[in-house]
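Colleague: Pasting in a structure now, in structure tokens, and then I'll have a few things to ask.
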Amino acid sequence: MVKRKSRKAVSKAIKTSSNPKADISSPVITTSPLGGGAPYSSNNRRMTTLNIVPRFVNNASDPYRFLNFGERLRINQFALDLFRSSPLVNSAITRKNEWVCATGWHPIFCGQNAEWGKLAIDYLVNEALATCNVAGPNYTWNRTLLTIANQIDLAGDNLVVYAPYDSGMRVAVYPSTLVGQRTLDKTIQDGRYAGSQIDNGVIFNRGNFPIAYNILQDTPEEDFILTLREAALIFEPTELCPRGVSLLASSLIHLLDRQDIQYYFNRHVKNASKMPIVVNTEQGTGQDYVGGPGAIEIPGENDGQLIDASSFTSFNLMVRMAQANLSDLR
Amino acid sequence: MEDYTFFKAGSGEKIEVPTSLNPSTNEVEWLKLIGEECCSAMGWPIGLLHPSMLKGSVQVRMMEAQVKEQIRVRQKTLRNFAKAFVAMNISRAMDAGRLPRITNSDWRAFDFTMPAEFVIDSYYSDQMKQTGLRTGTRTIQDVISSEGGNWEDVFAQRDIENKRKLDLAAGLVAYSSGSLTFERALDLVASYGNQNAAPLQSQFNDTPEETK
């Protein structure tokens with residue numbers, strides 16, 4: 001299932017990692033124990049499966065395997081969707097991480113040999129950290145840290161792959177979805193790591209210590225393994241799990257509901273706000289009525305015609321007619 | 001001539017502006033509540049996104065402490081990676097001859113300056129820093145890094161400014177053909193030429209030389 005790739009193949013993969021594509025349709029996605037395949041139901045999102053109370057936890061009794069790869073993937077997809085579409089989520093996560101690392105992070109030398117330290121700082125600032133990311137110079141040292149921090153919030157973790165060059169090292173930041181496995185096997189069948197335990201793409205030695213990561217590529221044949229010396233999975237463990245969990249997981253349903261409701265609120269207010277009452281005056285219709293898409297004639301006895309204000313016997317009648325029109329459009 | 005329209009009001013009728021109560025205030029408040037919960041779960045209180053939702057000073061201080069902790073935790077996570085990354089770079093640079101090889105632990109003795117500290121009440125925070133410096137519970141590096149600076153850069157810049165002040169003071173003495181003492185000229189330079197400002201020297205001498 002999983003085989004070890006040569007260093008050449010690994011470095012090729014690192015070079016092409018600026019737009020890494022994992023075949024996310026292949027992993028087995030199990031269904032919720034409550035039935036249905038989706039943790040969230042919404043017509044707005046074209047997900048018609050109805051779950052009354054969606055649950056992410058498939059097997060709560062096993063803390064080490066409480067989220068399988070498919071469930072993680074789904075949570076991360078929604079989290080990323082929210083990050084890009086919800087101003088609340090985007091600004092909360094971005095603002096926090098900007099305070100964390102958008103500025104500062106200038107290296108300082110704390111050793112004894114001050115002269116050597118000056119040379120080292122010069123090398124770090126002007127060479128190593130200035131070109132620290134394989135994705136190019138826009139990913140400065142601070143922006144790289146910011147990207148990693150954002151990914152920790154959104155996906156729970158991300159893989160930092162070390163890409164050595166002549167006199168230093170760069171990093172390629174892999175999204176969390178690239179670390180995974182295509183089946184729910186718990187043991188690797190062949191290759192260098194045959195017999196080793198694997199969980200959520202993390203490979204363990206006999207002492208249950210993580211030693212390598214399975215990287216998904218476009219096809220199963222292209223998948224490869226990175227060892228702990230070649231890459232580091234960065235996350236903040238909060239539960240007994242070899243992977244991080246998205247910070248949005250606990251509030252995901254709330255956030256999706258909130259966004260849906262806000263979407264329909266906005267539609268309603270937009271509909272309500274394009275309801276002018278068209279009234280004839282002696283000079284003709286008012287300036288607002290130009291036959292544009294927003295202009296609507298009041299229905300009723302004079303349906304289809306512009307109504308002369310003098311034809312109203314009372315103001316309440318006019319208001320009632322306007323309200324009837326509003327409710328027709330709801 | 002202006003046109004007037006008269007409506008005949010029946011008994012109990014009055015003029016009202018059509019209003020829509022959909023979404024109702026309760027619904028909007030409920031949405032806010034959900035937003036607050038979600039923001040809290042994300043570790044970034046909603047009061048920081050909508051300052052109009054900030055409450056009393058106690059809640060604000062609590063929120064500030066919470067946010068500082070969140071930031072500190074994330075910085076700690078990143079620092080582990082950053083220190084390892086720097087150490088790997090240094091070791092490769094030494095291998096490649098880009099840096100002189102050393103054998104002691106200096107090769108991994110690196111840390112980082114942090115961004116400016118998150119504060120809501122900067123005046124209060126400044127006072128605390130000054131107290132910390134006076135009592136010795138905070139260091140200059142600590143204070144400068146909390147404002148996003150590097151203490152070595154600040155000291156180097158201060159060195160440049162002091163030398164420049166000495167040059168300017170010497171220039172003033174020469175220009176005044178000796179009528180200004182060097183100390184007085186230095187006072188003038190230190191107060192940026194503001195004649196109304198109290199000379200710095202006079203803060204330490206009750207009777208400055210010029211007034212004797």
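Going by the structure tokens order, chains are called A, B, ..., each with residues numbered from 1, while ligands are numbered from 1 in the order shown.
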Taking a cut-off of 6 Å and counting only C-alpha atoms, can you build a table that, for each residue of chain B near chain A, reports the nearest atom pair and how far apart they are in Å (one decimal), sorted by chain then residue number, as CSV?

Modeller:
```
residue,atom,partner,partner_atom,distance
B:Phe7,CA,A:Ser314,CA,5.7
B:Lys8,CA,A:Ser314,CA,5.8
B:Ala9,CA,A:Ser314,CA,5.9
B:Cys38,CA,A:Ser251,CA,5.5
B:Trp44,CA,A:Ala92,CA,5.6
B:Ile71,CA,A:Val100,CA,5.4
B:Gln75,CA,A:Val100,CA,5.9
B:Asn89,CA,A:Gly168,CA,4.7
B:Arg92,CA,A:Gly168,CA,5.2
B:Ala93,CA,A:Ser167,CA,4.6
B:Ala96,CA,A:Ser167,CA,5.3
B:Asp106,CA,A:Gly111,CA,4.9
B:Ala109,CA,A:Gly111,CA,5.1
B:Phe110,CA,A:Phe109,CA,4.7
B:Asp111,CA,A:Ile108,CA,5.3
B:Phe112,CA,A:Pro107,CA,4.4
B:Thr113,CA,A:Trp105,CA,4.9
B:Met114,CA,A:Gly104,CA,4.9
B:Pro115,CA,A:Gly104,CA,4.2
B:Gly148,CA,A:Gly104,CA,5.6
```

Colleague: Which value, in Å to one decimal, gives the distance between CA of Tyr174 (chain A) and CA of Leu159 (chain A)?

Modeller: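 That distance, rounded to one decimal, is 5.0 Å.
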
Colleague: Among region 38-189 of chain B, which ones does DSSP assign to helix (DSSP H, G or I) (computed from the backbone)? Answer as a VMD selection string.

Modeller: chain B and resid 38 to 42 46 to 48 51 to 53 57 to 95 105 to 108 122 to 135 140 to 146 151 to 175 182 to 189

Colleague: DSSP on the backbone: what in region 3-201 of chain B comes out strand (DSSP E or B), as a list in words?

Modeller: Phe110, Asp111, Phe112, Ala116 and Glu147 of chain B

Colleague: Based on the selection just made, write N, CA and C atoms of those residues as a PDB file, in the first residue's frame.

Modeller:
```pdb
ATOM      1  N   PHE B 110      20.047  30.489  19.744  1.00  0.00           N
ATOM      2  CA  PHE B 110      19.304  31.561  19.066  1.00  0.00           C
ATOM      3  C   PHE B 110      17.896  31.650  19.621  1.00  0.00           C
ATOM      4  N   ASP B 111      17.386  32.848  19.604  1.00  0.00           N
ATOM      5  CA  ASP B 111      15.982  33.048  19.961  1.00  0.00           C
ATOM      6  C   ASP B 111      15.427  34.111  19.008  1.00  0.00           C
ATOM      7  N   PHE B 112      14.249  34.580  19.287  1.00  0.00           N
ATOM      8  CA  PHE B 112      13.614  35.539  18.370  1.00  0.00           C
ATOM      9  C   PHE B 112      12.999  36.698  19.140  1.00  0.00           C
ATOM     10  N   ALA B 116       4.958  43.147  18.729  1.00  0.00           N
ATOM     11  CA  ALA B 116       4.471  43.998  19.816  1.00  0.00           C
ATOM     12  C   ALA B 116       3.408  43.250  20.615  1.00  0.00           C
ATOM     13  N   GLU B 147       7.368  45.545  22.709  1.00  0.00           N
ATOM     14  CA  GLU B 147       6.882  46.530  21.741  1.00  0.00           C
ATOM     15  C   GLU B 147       7.313  46.169  20.322  1.00  0.00           C
TER      16      GLU B 147
END
```

Colleague: Just how far from CA of Ser122 (chain B) is CA of Ser146 (chain B), in Å to one decimal?

Modeller: 11.6 Å

Colleague: Quick one: pull the distance between CA of Ala65 (chain B) and CA of Ser125 (chain B), Å, one decimal.

Modeller: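 Answer for the CA of Ala65 (chain B) to CA of Ser125 (chain B) separation: 12.1 Å.
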
Colleague: Would you mind listing what lies within 10 Å of Asp153 (chain B) as a VMD selection string, with only C-alpha atoms counted and same-chain residues fewer than 5 positions away left out?

Modeller: chain B and resid 144 158 to 159

Colleague: Only all heavy atoms, please: the residues just picked out, written as a compact mmCIF listing (two decimals), in the first residue's frame.

Modeller:
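File produced: part_36.txt:
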```txt
# COMPACT_ATOMS: atom_id res chain seq x y z
N ILE B 144 11.53 46.11 25.52
CA ILE B 144 11.63 46.50 24.10
C ILE B 144 11.01 45.43 23.21
O ILE B 144 10.31 45.73 22.25
CB ILE B 144 13.10 46.76 23.71
CG1 ILE B 144 13.59 48.02 24.43
CG2 ILE B 144 13.24 46.95 22.20
CD1 ILE B 144 15.05 48.32 24.24
N ARG B 158 20.58 54.22 19.67
CA ARG B 158 20.83 55.22 20.72
C ARG B 158 22.30 55.66 20.67
O ARG B 158 22.61 56.84 20.86
CB ARG B 158 20.51 54.62 22.09
CG ARG B 158 20.49 55.65 23.19
CD ARG B 158 20.38 55.00 24.54
NE ARG B 158 19.06 54.44 24.77
CZ ARG B 158 18.77 53.68 25.82
NH1 ARG B 158 19.71 53.38 26.69
NH2 ARG B 158 17.56 53.23 25.99
N ASP B 159 23.20 54.74 20.40
CA ASP B 159 24.62 55.05 20.29
C ASP B 159 24.85 56.06 19.16
O ASP B 159 25.56 57.06 19.33
CB ASP B 159 25.38 53.75 20.02
CG ASP B 159 26.87 53.93 20.14
OD1 ASP B 159 27.30 54.60 21.09
OD2 ASP B 159 27.60 53.44 19.25
```

Colleague: Tell me which protein, DNA and RNA residues are within 6 Å of Gly244 (chain A), counting only C-alpha atoms, leaving out same-chain ones fewer than 4 positions away, and put them as number ranges by chain.

Modeller: A: 156-157, 235, 237

Colleague: Would you output that residue set with N, CA, C and O atoms, as a CSV table (one decimal), in the first residue's frame?

Modeller:
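Final file, again-v3.csv:
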```
chain,number,residue,atom,x,y,z
A,156,GLY,N,-6.0,22.1,12.0
A,156,GLY,CA,-5.5,21.4,13.2
A,156,GLY,C,-4.1,21.1,13.1
A,156,GLY,O,-3.4,21.1,14.1
A,157,ASP,N,-3.5,20.9,11.9
A,157,ASP,CA,-2.1,20.7,11.8
A,157,ASP,C,-1.6,21.0,10.4
A,157,ASP,O,-2.5,21.2,9.5
A,235,PHE,N,1.4,20.8,15.3
A,235,PHE,CA,0.0,21.0,15.8
A,235,PHE,C,0.1,21.1,17.3
A,235,PHE,O,1.2,21.0,17.9
A,237,PRO,N,-1.5,19.6,20.4
A,237,PRO,CA,-2.3,18.5,20.9
A,237,PRO,C,-3.2,19.0,22.0
A,237,PRO,O,-2.7,19.6,23.0
```
